[in-house]
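Undergrad: First the structure, which I've put down as structure tokens, then a few questions once you've had a look.
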Amino acid sequence: MAIQKSILVVDDEKDIVDLVKYNLQREGYYIYSARNGKEALAVAEKLPSLILLDVMMPEIDGIEVLKLLKKNPLTQSIPVVFLTAKGSEVDEVIGLELGADDYITKPISIPKLIARIKTVLRKREPGKEALKAREELSVGVIKIQQARHLVLVNDREIFFPKKEFEILSYLATYQGEVVTRERLLNAIWGHNVYVIDRTVDVHIRKIREKLGTYADYIETIKGVGYRMKEDR
């Protein structure tokens with residue numbers, strides 16, 4: 001199941017946001033945007049695959065935004081690449097020490113930016129062994145064999161229709177991680193299909209019914225989405 005990667009572009013200069021957005025969309029990324037630090041922190045809870053973050057912004061600068069992102073369990077694992085007009089080695093060191101994954105100075109070279117983004121995202125992708133392990137996902141008594149479209153719950157086979165199976169597999173793949181409704185919609189139905197959030201909730205309810213006494217493996221994160229518990 002191919003998952004379209006998303007990027008949050010944060011910069012107080014509209015021209016830069018538009019330029020970066022246009023070029024990254026051509027590369028197949030789904031783009032969120034924010035024009036200041038406060039807005040960036042709110043949009044980051046949509047859990048983009050990566051954040052491009054301008055350092056010099058009014059009110060809340062990029063350094064402070066990064067600190068707050070890393071303090072929030074929901075957003076702390078999102079890779080961050082700094083964008084800045086500064087060429088100061090001190091700023092670069094501070095950013096990297098705080099947890100930034102890379103650092104790009106303005107004026108932005110689009111080919112270099114795209115290459116850096118791909119490198120950062122590639123580093124976050126699971127290796128071959130991890131991917132092989134995911135062919136059969138195991139969460140407590142729940143075992144999911146993706147190639148066979150098979151779900152075993154406490155060694156008993158239970159049939160899940162396609163969308164329910166994909167949602168269960170996706171949550172199991174990212175077990176322990178909060179998955180927003182929007183992220184589930186985009187991953188399962190795609191960005192170009194209009195589906196309301198309520199659709200996800202209905203499918204989750206049906207999945208829980210099939211899981212029976214093990215329904216509590218799927219935890220509701222109020223106002224955000226769902227999480228597959230790593231341990232019941």
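Residues are referred to by chain and number: the chain letter is A, B, ... according to the order shown in the structure tokens, the number counts from 1 in that chain, and ligands are numbered separately from 1 in the order shown.
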Taking the DSSP assignment computed from this structure's backbone, write out as a PyMOL selection string all residues of range 46-205 of chain A that belong to alpha helix (DSSP H).
TA: chain A and resi 62-71+89-98+110-124+128-133+162-173+181-188+197-205
Undergrad: Which of these, A:Asp18, A:Asp102, A:Glu39, A:Asp11, has the shortest distance to Met56 in chain A once you count only C-alpha atoms?
TA: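 That would be A:Asp11, the residue with the smallest distance to Met56 in chain A.
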Undergrad: Hey, can you check how far CA of Ile110 in chain A sits from CA of Thr75 in chain A?
TA: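 Between these atoms lies a distance of 25.9 Å.
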Undergrad: Please provide as a list in words all residues within 6 Å of Leu53 in chain A, with the sequence filter that same-chain residues fewer than 6 positions apart are discarded (counting only C-alpha atoms).
TA: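 The filter keeps Val10, Phe82 and Leu83 of chain A.
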Undergrad: Under the rule that only C-alpha atoms are counted, which of A:Leu8, A:Leu47, A:Val202, A:Leu185 is the nearest residue to Tyr29 in chain A?
TA: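 Smallest separation from Tyr29 in chain A among the options: A:Leu8.
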Undergrad: Taking only C-alpha atoms into account, name the residue in A:Val200, A:Leu52, A:Ile144, A:Ile63 that is nearest to Ile158 in chain A.
TA: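 With only C-alpha atoms as the atom set, the closest residue is A:Ile144.
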Undergrad: Please determine, counting only C-alpha atoms, which residue among A:Leu24, A:Ile60, A:Val65, A:Val178 has the shortest atom-to-atom distance to Leu41 in chain A.
TA: A:Val65
Undergrad: Could you check which of A:Glu164, A:Glu136, A:Glu97, A:Glu64 is closest to Lys210 in chain A, using only C-alpha atoms?
TA: A:Glu164
Undergrad: Set the distance at 9 Å and use only C-alpha atoms: which residues neighbour range 159-161 of chain A once local chain neighbours fewer than 2 positions away are removed? I'd like the list as a PyMOL selection string.
TA: chain A and resi 149-152+157+163-166+168+207+210
Undergrad: Give the answer as one residue: which of A:Tyr226, A:Pro58, A:Asp231, A:Leu74 has the shortest atom-to-atom distance to Val139 in chain A, using only C-alpha atoms?
TA: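 Using only C-alpha atoms, the shortest distance to Val139 in chain A belongs to A:Asp231.
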Undergrad: Mind pulling up the distance from CA of Lys118 in chain A to CA of Leu68 in chain A?
TA: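 Going from CA of Leu68 in chain A over to CA of Lys118 in chain A covers 24.5 Å.
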Undergrad: In Å, with one decimal, what is the gap from CA of Asn154 in chain A to CA of Lys222 in chain A?
TA: 28.1 Å
